[in-house]
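This is input-v2.tsv. It holds TSV, C-alpha atoms and all ligand atoms.
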```tsv
chain	number	residue	atom	x	y	z
A	13	MET	CA	12.42	16.83	-6.02
A	14	HIS	CA	13.64	17.66	-2.57
A	15	GLU	CA	14.10	14.77	-0.19
A	16	ILE	CA	14.64	15.01	3.55
A	17	LEU	CA	15.73	11.91	5.44
A	18	VAL	CA	14.88	11.75	9.11
A	19	THR	CA	15.82	8.89	11.41
A	20	LEU	CA	12.54	6.98	11.32
A	21	THR	CA	10.60	8.75	8.62
A	22	THR	CA	11.11	9.78	5.01
A	23	VAL	CA	9.50	13.10	4.15
A	24	VAL	CA	9.35	13.82	0.45
A	25	VAL	CA	8.21	17.19	-0.80
A	26	ILE	CA	6.79	16.87	-4.32
A	27	GLY	CA	6.27	20.20	-6.08
A	28	GLY	CA	4.09	22.47	-4.00
A	29	SER	CA	1.71	19.80	-2.77
A	30	LEU	CA	1.50	18.39	0.73
A	31	ALA	CA	4.51	16.34	1.71
A	32	LEU	CA	4.49	12.58	1.41
A	33	ASN	CA	5.40	11.15	4.77
A	34	ILE	CA	6.55	7.52	4.79
A	35	ILE	CA	6.86	6.05	8.29
A	36	GLY	CA	9.52	3.35	8.18
A	37	ARG	CA	9.21	0.03	9.99
A	38	ALA	CA	11.12	1.23	13.02
A	39	GLY	CA	8.83	4.26	13.16
A	40	TRP	CA	5.74	2.13	13.78
A	41	GLY	CA	7.49	-0.57	15.79
A	42	ALA	CA	7.24	-3.37	13.22
A	43	ARG	CA	8.30	-6.85	14.27
A	44	LYS	CA	11.25	-8.43	12.47
A	45	PRO	CA	10.14	-10.53	9.48
A	46	LYS	CA	10.58	-14.31	9.78
A	47	PHE	CA	12.29	-14.21	6.38
A	48	THR	CA	12.47	-11.97	3.34
A	49	GLN	CA	12.65	-12.58	-0.39
A	50	PRO	CA	14.07	-9.84	-2.63
A	51	MET	CA	11.79	-8.46	-5.34
A	52	PRO	CA	13.22	-7.01	-8.57
A	53	ASN	CA	12.36	-3.39	-9.37
A	54	PRO	CA	10.78	-1.70	-11.15
A	55	VAL	CA	7.58	-3.72	-10.73
A	56	PRO	CA	4.87	-3.62	-13.43
A	57	PHE	CA	1.81	-3.73	-11.13
A	58	VAL	CA	0.23	-1.84	-8.24
A	59	VAL	CA	-2.50	-3.72	-6.34
A	60	ILE	CA	-4.97	-1.72	-4.21
A	61	HIS	CA	-6.43	-3.20	-1.00
A	62	HIS	CA	-8.51	-2.18	1.97
A	63	SER	CA	-8.00	-3.64	5.43
A	64	GLU	CA	-11.76	-4.12	6.03
A	65	SER	CA	-10.77	-4.78	9.65
A	66	PRO	CA	-9.08	-2.93	11.37
A	67	GLY	CA	-11.37	-0.04	10.49
A	68	ALA	CA	-10.42	3.48	9.46
A	69	CYS	CA	-7.89	5.40	11.55
A	70	THR	CA	-7.57	9.16	11.72
A	71	THR	CA	-4.76	9.62	14.24
A	72	THR	CA	-1.19	8.40	13.89
A	73	SER	CA	-1.42	6.38	17.11
A	74	ALA	CA	-4.55	4.61	15.81
A	75	CYS	CA	-2.95	3.97	12.40
A	76	ILE	CA	0.16	2.53	14.07
A	77	ALA	CA	-2.09	0.27	16.15
A	78	ALA	CA	-3.80	-0.84	12.92
A	79	MET	CA	-0.46	-1.66	11.27
A	80	LYS	CA	0.62	-3.68	14.31
A	81	SER	CA	-2.68	-5.53	14.42
A	82	MET	CA	-2.45	-6.46	10.72
A	83	GLN	CA	1.16	-7.59	11.13
A	84	ASN	CA	0.28	-9.71	14.17
A	85	TYR	CA	-2.63	-11.32	12.35
A	86	HIS	CA	-0.63	-12.04	9.21
A	87	MET	CA	2.31	-13.49	11.12
A	88	ASP	CA	0.57	-15.30	13.99
A	89	HIS	CA	-2.77	-16.34	12.46
A	90	ASN	CA	-1.89	-16.70	8.77
A	91	GLY	CA	1.65	-17.89	9.49
A	92	TRP	CA	3.19	-15.45	7.01
A	93	ALA	CA	6.73	-14.05	7.22
A	94	ASP	CA	5.55	-10.49	7.86
A	95	ILE	CA	2.66	-8.10	7.26
A	96	GLY	CA	1.46	-9.03	3.77
A	97	TYR	CA	1.29	-5.54	2.21
A	98	SER	CA	4.11	-3.50	0.75
A	99	PHE	CA	2.64	-0.36	2.34
A	100	GLY	CA	-0.29	0.74	4.47
A	101	VAL	CA	-1.85	4.19	4.08
A	102	GLY	CA	-3.80	5.73	6.95
A	103	GLY	CA	-6.50	8.34	7.33
A	104	ASP	CA	-3.85	10.35	9.19
A	105	GLY	CA	-2.28	10.96	5.75
A	106	ASN	CA	0.82	8.89	6.47
A	107	ALA	CA	2.16	5.98	4.45
A	108	TYR	CA	3.52	3.09	6.53
A	109	GLU	CA	6.26	0.81	5.27
A	110	GLY	CA	5.24	-2.85	5.30
A	111	ARG	CA	7.45	-5.09	3.17
A	112	GLY	CA	8.53	-1.98	1.28
A	113	TRP	CA	9.54	-1.53	-2.35
A	114	SER	CA	11.93	-4.42	-2.86
A	115	THR	CA	10.64	-7.42	-0.87
A	116	VAL	CA	8.13	-9.97	-2.19
A	117	GLY	CA	4.79	-9.52	-0.39
A	118	ALA	CA	1.83	-11.73	0.52
A	119	HIS	CA	-1.25	-9.85	-0.66
A	120	ALA	CA	-2.24	-11.07	-4.13
A	121	PRO	CA	-1.28	-14.59	-5.24
A	122	GLY	CA	0.33	-14.54	-8.69
A	123	TYR	CA	1.30	-10.88	-8.27
A	124	ASN	CA	3.32	-10.88	-5.05
A	125	ASN	CA	6.67	-10.94	-6.82
A	126	LYS	CA	5.81	-8.23	-9.36
A	127	SER	CA	3.66	-5.66	-7.59
A	128	ILE	CA	3.49	-3.09	-4.84
A	129	GLY	CA	0.47	-3.89	-2.64
A	130	ILE	CA	-1.01	-0.82	-0.98
A	131	CYS	CA	-3.59	-1.23	1.79
A	132	LEU	CA	-5.87	1.72	2.53
A	133	ILE	CA	-6.61	1.15	6.20
A	134	GLY	CA	-10.39	0.99	6.73
A	135	ASN	CA	-13.48	-0.66	5.28
A	136	TRP	CA	-14.25	1.02	1.95
A	137	MET	CA	-17.24	-1.05	0.91
A	138	TYR	CA	-19.72	1.84	1.17
A	139	ALA	CA	-17.63	4.89	2.04
A	140	LEU	CA	-14.82	6.57	0.10
A	141	PRO	CA	-11.53	7.11	1.96
A	142	PRO	CA	-10.90	10.77	2.87
A	143	ASP	CA	-9.06	12.99	0.38
A	144	ASN	CA	-5.80	13.05	2.33
A	145	GLN	CA	-5.65	9.25	2.36
A	146	LEU	CA	-6.30	9.04	-1.39
A	147	GLN	CA	-3.77	11.79	-2.08
A	148	THR	CA	-1.12	9.92	-0.11
A	149	VAL	CA	-1.70	6.81	-2.22
A	150	HIS	CA	-1.20	8.85	-5.40
A	151	GLN	CA	1.96	10.45	-4.00
A	152	LEU	CA	3.34	7.12	-2.83
A	153	ILE	CA	2.87	5.58	-6.28
A	154	GLN	CA	4.46	8.63	-7.97
A	155	TYR	CA	7.39	8.47	-5.56
A	156	GLY	CA	7.81	4.78	-6.41
A	157	VAL	CA	7.89	5.64	-10.11
A	158	ASP	CA	10.38	8.47	-9.52
A	159	GLN	CA	12.62	6.13	-7.51
A	160	ARG	CA	12.43	3.45	-10.29
A	161	LYS	CA	10.70	1.01	-7.95
A	162	ILE	CA	7.54	1.03	-10.08
A	163	ASN	CA	7.55	0.90	-13.88
A	164	PRO	CA	6.29	4.22	-15.33
A	165	GLU	CA	3.92	2.14	-17.51
A	166	TYR	CA	2.57	0.28	-14.47
A	167	LYS	CA	-0.87	-1.29	-14.44
A	168	LEU	CA	-3.06	-0.60	-11.40
A	169	VAL	CA	-5.67	-3.13	-10.27
A	170	GLY	CA	-7.98	-3.79	-7.35
A	171	HIS	CA	-7.35	-6.98	-5.37
A	172	ARG	CA	-10.74	-8.41	-6.48
A	173	GLN	CA	-9.55	-8.46	-10.09
A	174	VAL	CA	-6.87	-11.04	-9.32
A	175	THR	CA	-8.36	-12.98	-6.36
A	176	ALA	CA	-11.93	-13.93	-5.38
A	177	THR	CA	-12.51	-11.24	-2.72
A	178	ASP	CA	-14.56	-8.09	-2.03
A	179	CYS	CA	-11.32	-6.17	-1.48
A	180	PRO	CA	-10.77	-3.18	-1.83
A	181	GLY	CA	-14.48	-2.58	-1.14
A	182	ASP	CA	-17.14	-1.54	-3.68
A	183	ARG	CA	-16.77	2.20	-3.16
A	184	LEU	CA	-12.99	2.26	-3.33
A	185	PHE	CA	-13.00	-0.08	-6.31
A	186	LYS	CA	-15.34	2.35	-8.11
A	187	GLU	CA	-12.93	5.19	-7.29
A	188	ILE	CA	-9.77	3.51	-8.56
A	189	GLN	CA	-11.42	2.79	-11.91
A	190	ASN	CA	-11.03	6.55	-12.55
A	191	TRP	CA	-7.28	6.47	-11.93
A	192	THR	CA	-5.10	6.84	-15.04
A	193	HIS	CA	-3.22	3.55	-14.75
A	194	PHE	CA	-6.27	1.45	-13.86
A	195	THR	CA	-6.39	-1.69	-16.00
A	196	PRO	CA	-9.76	-3.45	-16.50
A	197	LYS	CA	-8.15	-6.72	-17.62
A	198	PRO	CA	-4.80	-7.40	-15.95
F	1	ZN	ZN	-6.92	-7.13	-0.57
```
With the file now loaded, output its structure as structure tokens.
Ligand SMILES: [Zn+2]
Amino acid sequence: MHEILVTLTTVVVIGGSLALNIIGRAGWGARKPKFTQPMPNPVPFVVIHHSESPGACTTTSACIAAMKSMQNYHMDHNGWADIGYSFGVGGDGNAYEGRGWSTVGAHAPGYNNKSIGICLIGNWMYALPPDNQLQTVHQLIQYGVDQRKINPEYKLVGHRQVTATDCPGDRLFKEIQNWTHFTPKP
């Protein structure tokens, strides 16, 4: 693997496929967390979410606005320390660092200290996220495995399997059931 570190962004070229582009917190103008709690790696679970609202974004400026809006809501309305998710993934094909790989999140009670929570920005109840957004999720998970942040034997679940919620939307939940690490009974 060939890794290029840029000031605000990590670009990872995996094989011959499109590059994974992770926009760090400074890159999207994240607020400072109120506090952080370290999370041991590698984690055994990946939890898939949708944002429902804000809706889908297709430009980087719109996806950054979505990340900021989720962070503001989680911190100011919910009273959480930070945006709840480990990462957001936009329809612009970028991954956005939330709490990141090694900080306990607030996205799935009972799993926050042992999972990476990935939010696909948009409402995926009836529509499937575009290919580039789905591909970025796959690349992000693979990168996490390669970096020993995620256990290679990880179990992947939808948020609704561990909390009473519609998340990650009916259509996206149907999609992730085809993914190799999907686990029907976490
Ligand atoms: Zn969720």
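Taking atom CA of Asn144 of chain A as the reference point, atom CA of Ile34 of chain A is found at 13.8 Å.
Near segment 121-135 of chain A, within 7 Å and counting only C-alpha atoms, sit Met51, Val55, Pro56, Phe57, Val58, Val59, Ile60, His61, His62, Ser63, Glu64, Ser65, Pro66, Gly67, Ala68, Cys69, Tyr97, Ser98, Phe99, Gly100, Val101, Gly102, Trp113, Val116, Gly117, Ala118, His119, Met137 and Gly181 of chain A, not including residues fewer than 2 positions from it in the same chain.
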How would the residues just picked look written out with C-alpha atoms as a PDB file, keeping the file's coordinate frame?
```pdb
ATOM      1  CA  MET A  51      11.790  -8.460  -5.340  1.00  0.00           C
ATOM      2  CA  VAL A  55       7.580  -3.720 -10.730  1.00  0.00           C
ATOM      3  CA  PRO A  56       4.870  -3.620 -13.430  1.00  0.00           C
ATOM      4  CA  PHE A  57       1.810  -3.730 -11.130  1.00  0.00           C
ATOM      5  CA  VAL A  58       0.230  -1.840  -8.240  1.00  0.00           C
ATOM      6  CA  VAL A  59      -2.500  -3.720  -6.340  1.00  0.00           C
ATOM      7  CA  ILE A  60      -4.970  -1.720  -4.210  1.00  0.00           C
ATOM      8  CA  HIS A  61      -6.430  -3.200  -1.000  1.00  0.00           C
ATOM      9  CA  HIS A  62      -8.510  -2.180   1.970  1.00  0.00           C
ATOM     10  CA  SER A  63      -8.000  -3.640   5.430  1.00  0.00           C
ATOM     11  CA  GLU A  64     -11.760  -4.120   6.030  1.00  0.00           C
ATOM     12  CA  SER A  65     -10.770  -4.780   9.650  1.00  0.00           C
ATOM     13  CA  PRO A  66      -9.080  -2.930  11.370  1.00  0.00           C
ATOM     14  CA  GLY A  67     -11.370  -0.040  10.490  1.00  0.00           C
ATOM     15  CA  ALA A  68     -10.420   3.480   9.460  1.00  0.00           C
ATOM     16  CA  CYS A  69      -7.890   5.400  11.550  1.00  0.00           C
ATOM     17  CA  TYR A  97       1.290  -5.540   2.210  1.00  0.00           C
ATOM     18  CA  SER A  98       4.110  -3.500   0.750  1.00  0.00           C
ATOM     19  CA  PHE A  99       2.640  -0.360   2.340  1.00  0.00           C
ATOM     20  CA  GLY A 100      -0.290   0.740   4.470  1.00  0.00           C
ATOM     21  CA  VAL A 101      -1.850   4.190   4.080  1.00  0.00           C
ATOM     22  CA  GLY A 102      -3.800   5.730   6.950  1.00  0.00           C
ATOM     23  CA  TRP A 113       9.540  -1.530  -2.350  1.00  0.00           C
ATOM     24  CA  VAL A 116       8.130  -9.970  -2.190  1.00  0.00           C
ATOM     25  CA  GLY A 117       4.790  -9.520  -0.390  1.00  0.00           C
ATOM     26  CA  ALA A 118       1.830 -11.730   0.520  1.00  0.00           C
ATOM     27  CA  HIS A 119      -1.250  -9.850  -0.660  1.00  0.00           C
ATOM     28  CA  MET A 137     -17.240  -1.050   0.910  1.00  0.00           C
ATOM     29  CA  GLY A 181     -14.480  -2.580  -1.140  1.00  0.00           C
TER      30      GLY A 181
END
```
Scan for residues within 12 Å of the point (-1.2, 10.5, -5.8) in the coordinates of the file, using all atoms listed in the file, and reply as a CSV table (one decimal) with C-alpha atoms, in the frame of the given file.
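The file below, part-v2.csv, is the result:
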```
chain,number,residue,atom,x,y,z
A,26,ILE,CA,6.8,16.9,-4.3
A,29,SER,CA,1.7,19.8,-2.8
A,30,LEU,CA,1.5,18.4,0.7
A,31,ALA,CA,4.5,16.3,1.7
A,32,LEU,CA,4.5,12.6,1.4
A,101,VAL,CA,-1.8,4.2,4.1
A,105,GLY,CA,-2.3,11.0,5.8
A,107,ALA,CA,2.2,6.0,4.4
A,143,ASP,CA,-9.1,13.0,0.4
A,144,ASN,CA,-5.8,13.0,2.3
A,145,GLN,CA,-5.6,9.2,2.4
A,146,LEU,CA,-6.3,9.0,-1.4
A,147,GLN,CA,-3.8,11.8,-2.1
A,148,THR,CA,-1.1,9.9,-0.1
A,149,VAL,CA,-1.7,6.8,-2.2
A,150,HIS,CA,-1.2,8.8,-5.4
A,151,GLN,CA,2.0,10.4,-4.0
A,152,LEU,CA,3.3,7.1,-2.8
A,153,ILE,CA,2.9,5.6,-6.3
A,154,GLN,CA,4.5,8.6,-8.0
A,155,TYR,CA,7.4,8.5,-5.6
A,156,GLY,CA,7.8,4.8,-6.4
A,157,VAL,CA,7.9,5.6,-10.1
A,188,ILE,CA,-9.8,3.5,-8.6
A,191,TRP,CA,-7.3,6.5,-11.9
A,192,THR,CA,-5.1,6.8,-15.0
A,193,HIS,CA,-3.2,3.6,-14.8
```
Atomic distance atom CA of Arg43 of chain A - atom CA of Met82 of chain A, expressed in Å with one decimal | 11.3 Å
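For the residues A:Pro198, A:Pro50, A:Gly39, A:Gly103, ranking by smallest atom-to-atom distance to Ala74 of chain A using all atoms listed in the file places A:Gly103 first.
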Which residue, A:Asp94, A:Phe194, A:Ala176, A:Gln189, has the smallest gap to ligand ZN 1 (chain F) when you use all atoms listed in the file?
-> A:Ala176
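Considering the residues A:Arg160, A:His171, A:Lys44, A:Lys186 and counting all atoms listed in the file, ligand ZN 1 (chain F) has its shortest atom-to-atom contact with A:His171.
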Quick one: pull the distance between atom CA of Trp136 of chain A and atom CA of Leu184 of chain A, Å, one decimal.
->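 Between these atoms lies a distance of 5.6 Å.
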With N, CA, C and O atoms as the target, complete segment 102-128 of chain A and hand it back as a PDB file, in the coordinates of the input.
```pdb
ATOM      1  N   GLY A 102      -2.799   5.431   5.932  1.00  0.00           N
ATOM      2  CA  GLY A 102      -3.800   5.730   6.950  1.00  0.00           C
ATOM      3  C   GLY A 102      -4.590   6.994   6.669  1.00  0.00           C
ATOM      4  O   GLY A 102      -4.200   7.826   5.855  1.00  0.00           O
ATOM      5  N   GLY A 103      -5.687   7.126   7.384  1.00  0.00           N
ATOM      6  CA  GLY A 103      -6.500   8.340   7.330  1.00  0.00           C
ATOM      7  C   GLY A 103      -5.830   9.506   8.031  1.00  0.00           C
ATOM      8  O   GLY A 103      -6.347  10.626   8.026  1.00  0.00           O
ATOM      9  N   ASP A 104      -4.666   9.258   8.631  1.00  0.00           N
ATOM     10  CA  ASP A 104      -3.850  10.350   9.190  1.00  0.00           C
ATOM     11  C   ASP A 104      -2.981  10.974   8.100  1.00  0.00           C
ATOM     12  O   ASP A 104      -2.239  11.911   8.366  1.00  0.00           O
ATOM     13  N   GLY A 105      -3.053  10.424   6.874  1.00  0.00           N
ATOM     14  CA  GLY A 105      -2.280  10.960   5.750  1.00  0.00           C
ATOM     15  C   GLY A 105      -0.873  10.401   5.650  1.00  0.00           C
ATOM     16  O   GLY A 105      -0.129  10.772   4.743  1.00  0.00           O
ATOM     17  N   ASN A 106      -0.515   9.500   6.543  1.00  0.00           N
ATOM     18  CA  ASN A 106       0.820   8.890   6.470  1.00  0.00           C
ATOM     19  C   ASN A 106       0.792   7.595   5.673  1.00  0.00           C
ATOM     20  O   ASN A 106      -0.208   6.863   5.687  1.00  0.00           O
ATOM     21  N   ALA A 107       1.927   7.303   5.017  1.00  0.00           N
ATOM     22  CA  ALA A 107       2.160   5.980   4.450  1.00  0.00           C
ATOM     23  C   ALA A 107       3.037   5.225   5.441  1.00  0.00           C
ATOM     24  O   ALA A 107       3.900   5.818   6.100  1.00  0.00           O
ATOM     25  N   TYR A 108       2.785   3.928   5.578  1.00  0.00           N
ATOM     26  CA  TYR A 108       3.520   3.090   6.530  1.00  0.00           C
ATOM     27  C   TYR A 108       4.203   1.968   5.748  1.00  0.00           C
ATOM     28  O   TYR A 108       3.550   1.242   4.986  1.00  0.00           O
ATOM     29  N   GLU A 109       5.502   1.838   5.971  1.00  0.00           N
ATOM     30  CA  GLU A 109       6.260   0.810   5.270  1.00  0.00           C
ATOM     31  C   GLU A 109       5.926  -0.574   5.822  1.00  0.00           C
ATOM     32  O   GLU A 109       6.057  -0.835   7.014  1.00  0.00           O
ATOM     33  N   GLY A 110       5.443  -1.456   4.938  1.00  0.00           N
ATOM     34  CA  GLY A 110       5.240  -2.850   5.300  1.00  0.00           C
ATOM     35  C   GLY A 110       6.464  -3.629   4.813  1.00  0.00           C
ATOM     36  O   GLY A 110       7.541  -3.514   5.359  1.00  0.00           O
ATOM     37  N   ARG A 111       6.282  -4.411   3.739  1.00  0.00           N
ATOM     38  CA  ARG A 111       7.450  -5.090   3.170  1.00  0.00           C
ATOM     39  C   ARG A 111       8.308  -4.139   2.339  1.00  0.00           C
ATOM     40  O   ARG A 111       9.429  -4.467   1.979  1.00  0.00           O
ATOM     41  N   GLY A 112       7.756  -2.989   2.000  1.00  0.00           N
ATOM     42  CA  GLY A 112       8.530  -1.980   1.280  1.00  0.00           C
ATOM     43  C   GLY A 112       8.587  -2.232  -0.218  1.00  0.00           C
ATOM     44  O   GLY A 112       7.834  -3.040  -0.764  1.00  0.00           O
ATOM     45  N   TRP A 113       9.486  -1.539  -0.882  1.00  0.00           N
ATOM     46  CA  TRP A 113       9.540  -1.530  -2.350  1.00  0.00           C
ATOM     47  C   TRP A 113      10.152  -2.788  -2.954  1.00  0.00           C
ATOM     48  O   TRP A 113       9.862  -3.121  -4.105  1.00  0.00           O
ATOM     49  N   SER A 114      11.057  -3.435  -2.224  1.00  0.00           N
ATOM     50  CA  SER A 114      11.930  -4.420  -2.860  1.00  0.00           C
ATOM     51  C   SER A 114      11.919  -5.788  -2.182  1.00  0.00           C
ATOM     52  O   SER A 114      12.892  -6.533  -2.257  1.00  0.00           O
ATOM     53  N   THR A 115      10.798  -6.114  -1.498  1.00  0.00           N
ATOM     54  CA  THR A 115      10.640  -7.420  -0.870  1.00  0.00           C
ATOM     55  C   THR A 115       9.323  -8.023  -1.341  1.00  0.00           C
ATOM     56  O   THR A 115       8.301  -7.325  -1.367  1.00  0.00           O
ATOM     57  N   VAL A 116       9.348  -9.290  -1.738  1.00  0.00           N
ATOM     58  CA  VAL A 116       8.130  -9.970  -2.190  1.00  0.00           C
ATOM     59  C   VAL A 116       7.098  -9.966  -1.050  1.00  0.00           C
ATOM     60  O   VAL A 116       7.428 -10.260   0.103  1.00  0.00           O
ATOM     61  N   GLY A 117       5.854  -9.614  -1.379  1.00  0.00           N
ATOM     62  CA  GLY A 117       4.790  -9.520  -0.390  1.00  0.00           C
ATOM     63  C   GLY A 117       3.925 -10.769  -0.329  1.00  0.00           C
ATOM     64  O   GLY A 117       4.246 -11.809  -0.926  1.00  0.00           O
ATOM     65  N   ALA A 118       2.834 -10.663   0.437  1.00  0.00           N
ATOM     66  CA  ALA A 118       1.830 -11.730   0.520  1.00  0.00           C
ATOM     67  C   ALA A 118       0.476 -11.024   0.556  1.00  0.00           C
ATOM     68  O   ALA A 118      -0.100 -10.806   1.610  1.00  0.00           O
ATOM     69  N   HIS A 119       0.009 -10.595  -0.623  1.00  0.00           N
ATOM     70  CA  HIS A 119      -1.250  -9.850  -0.660  1.00  0.00           C
ATOM     71  C   HIS A 119      -2.091 -10.183  -1.875  1.00  0.00           C
ATOM     72  O   HIS A 119      -3.300  -9.946  -1.874  1.00  0.00           O
ATOM     73  N   ALA A 120      -1.494 -10.762  -2.915  1.00  0.00           N
ATOM     74  CA  ALA A 120      -2.240 -11.070  -4.130  1.00  0.00           C
ATOM     75  C   ALA A 120      -1.530 -12.204  -4.863  1.00  0.00           C
ATOM     76  O   ALA A 120      -0.597 -11.963  -5.623  1.00  0.00           O
ATOM     77  N   PRO A 121      -1.952 -13.447  -4.618  1.00  0.00           N
ATOM     78  CA  PRO A 121      -1.280 -14.590  -5.240  1.00  0.00           C
ATOM     79  C   PRO A 121      -1.130 -14.415  -6.760  1.00  0.00           C
ATOM     80  O   PRO A 121      -2.059 -13.981  -7.429  1.00  0.00           O
ATOM     81  N   GLY A 122       0.051 -14.727  -7.266  1.00  0.00           N
ATOM     82  CA  GLY A 122       0.330 -14.540  -8.690  1.00  0.00           C
ATOM     83  C   GLY A 122       0.944 -13.183  -8.984  1.00  0.00           C
ATOM     84  O   GLY A 122       1.527 -12.982 -10.046  1.00  0.00           O
ATOM     85  N   TYR A 123       0.800 -12.239  -8.062  1.00  0.00           N
ATOM     86  CA  TYR A 123       1.300 -10.880  -8.270  1.00  0.00           C
ATOM     87  C   TYR A 123       2.294 -10.447  -7.198  1.00  0.00           C
ATOM     88  O   TYR A 123       2.849  -9.360  -7.268  1.00  0.00           O
ATOM     89  N   ASN A 124       2.495 -11.300  -6.205  1.00  0.00           N
ATOM     90  CA  ASN A 124       3.320 -10.880  -5.050  1.00  0.00           C
ATOM     91  C   ASN A 124       4.753 -10.547  -5.417  1.00  0.00           C
ATOM     92  O   ASN A 124       5.378  -9.727  -4.744  1.00  0.00           O
ATOM     93  N   ASN A 125       5.262 -11.181  -6.472  1.00  0.00           N
ATOM     94  CA  ASN A 125       6.670 -10.940  -6.820  1.00  0.00           C
ATOM     95  C   ASN A 125       6.826  -9.909  -7.926  1.00  0.00           C
ATOM     96  O   ASN A 125       7.917  -9.725  -8.456  1.00  0.00           O
ATOM     97  N   LYS A 126       5.721  -9.231  -8.275  1.00  0.00           N
ATOM     98  CA  LYS A 126       5.810  -8.230  -9.360  1.00  0.00           C
ATOM     99  C   LYS A 126       4.887  -7.044  -9.127  1.00  0.00           C
ATOM    100  O   LYS A 126       4.456  -6.395 -10.073  1.00  0.00           O
ATOM    101  N   SER A 127       4.549  -6.790  -7.855  1.00  0.00           N
ATOM    102  CA  SER A 127       3.660  -5.660  -7.590  1.00  0.00           C
ATOM    103  C   SER A 127       3.980  -5.016  -6.242  1.00  0.00           C
ATOM    104  O   SER A 127       4.580  -5.642  -5.365  1.00  0.00           O
ATOM    105  N   ILE A 128       3.524  -3.771  -6.123  1.00  0.00           N
ATOM    106  CA  ILE A 128       3.490  -3.090  -4.840  1.00  0.00           C
ATOM    107  C   ILE A 128       2.036  -3.172  -4.365  1.00  0.00           C
ATOM    108  O   ILE A 128       1.127  -2.735  -5.083  1.00  0.00           O
TER     109      ILE A 128
END
```
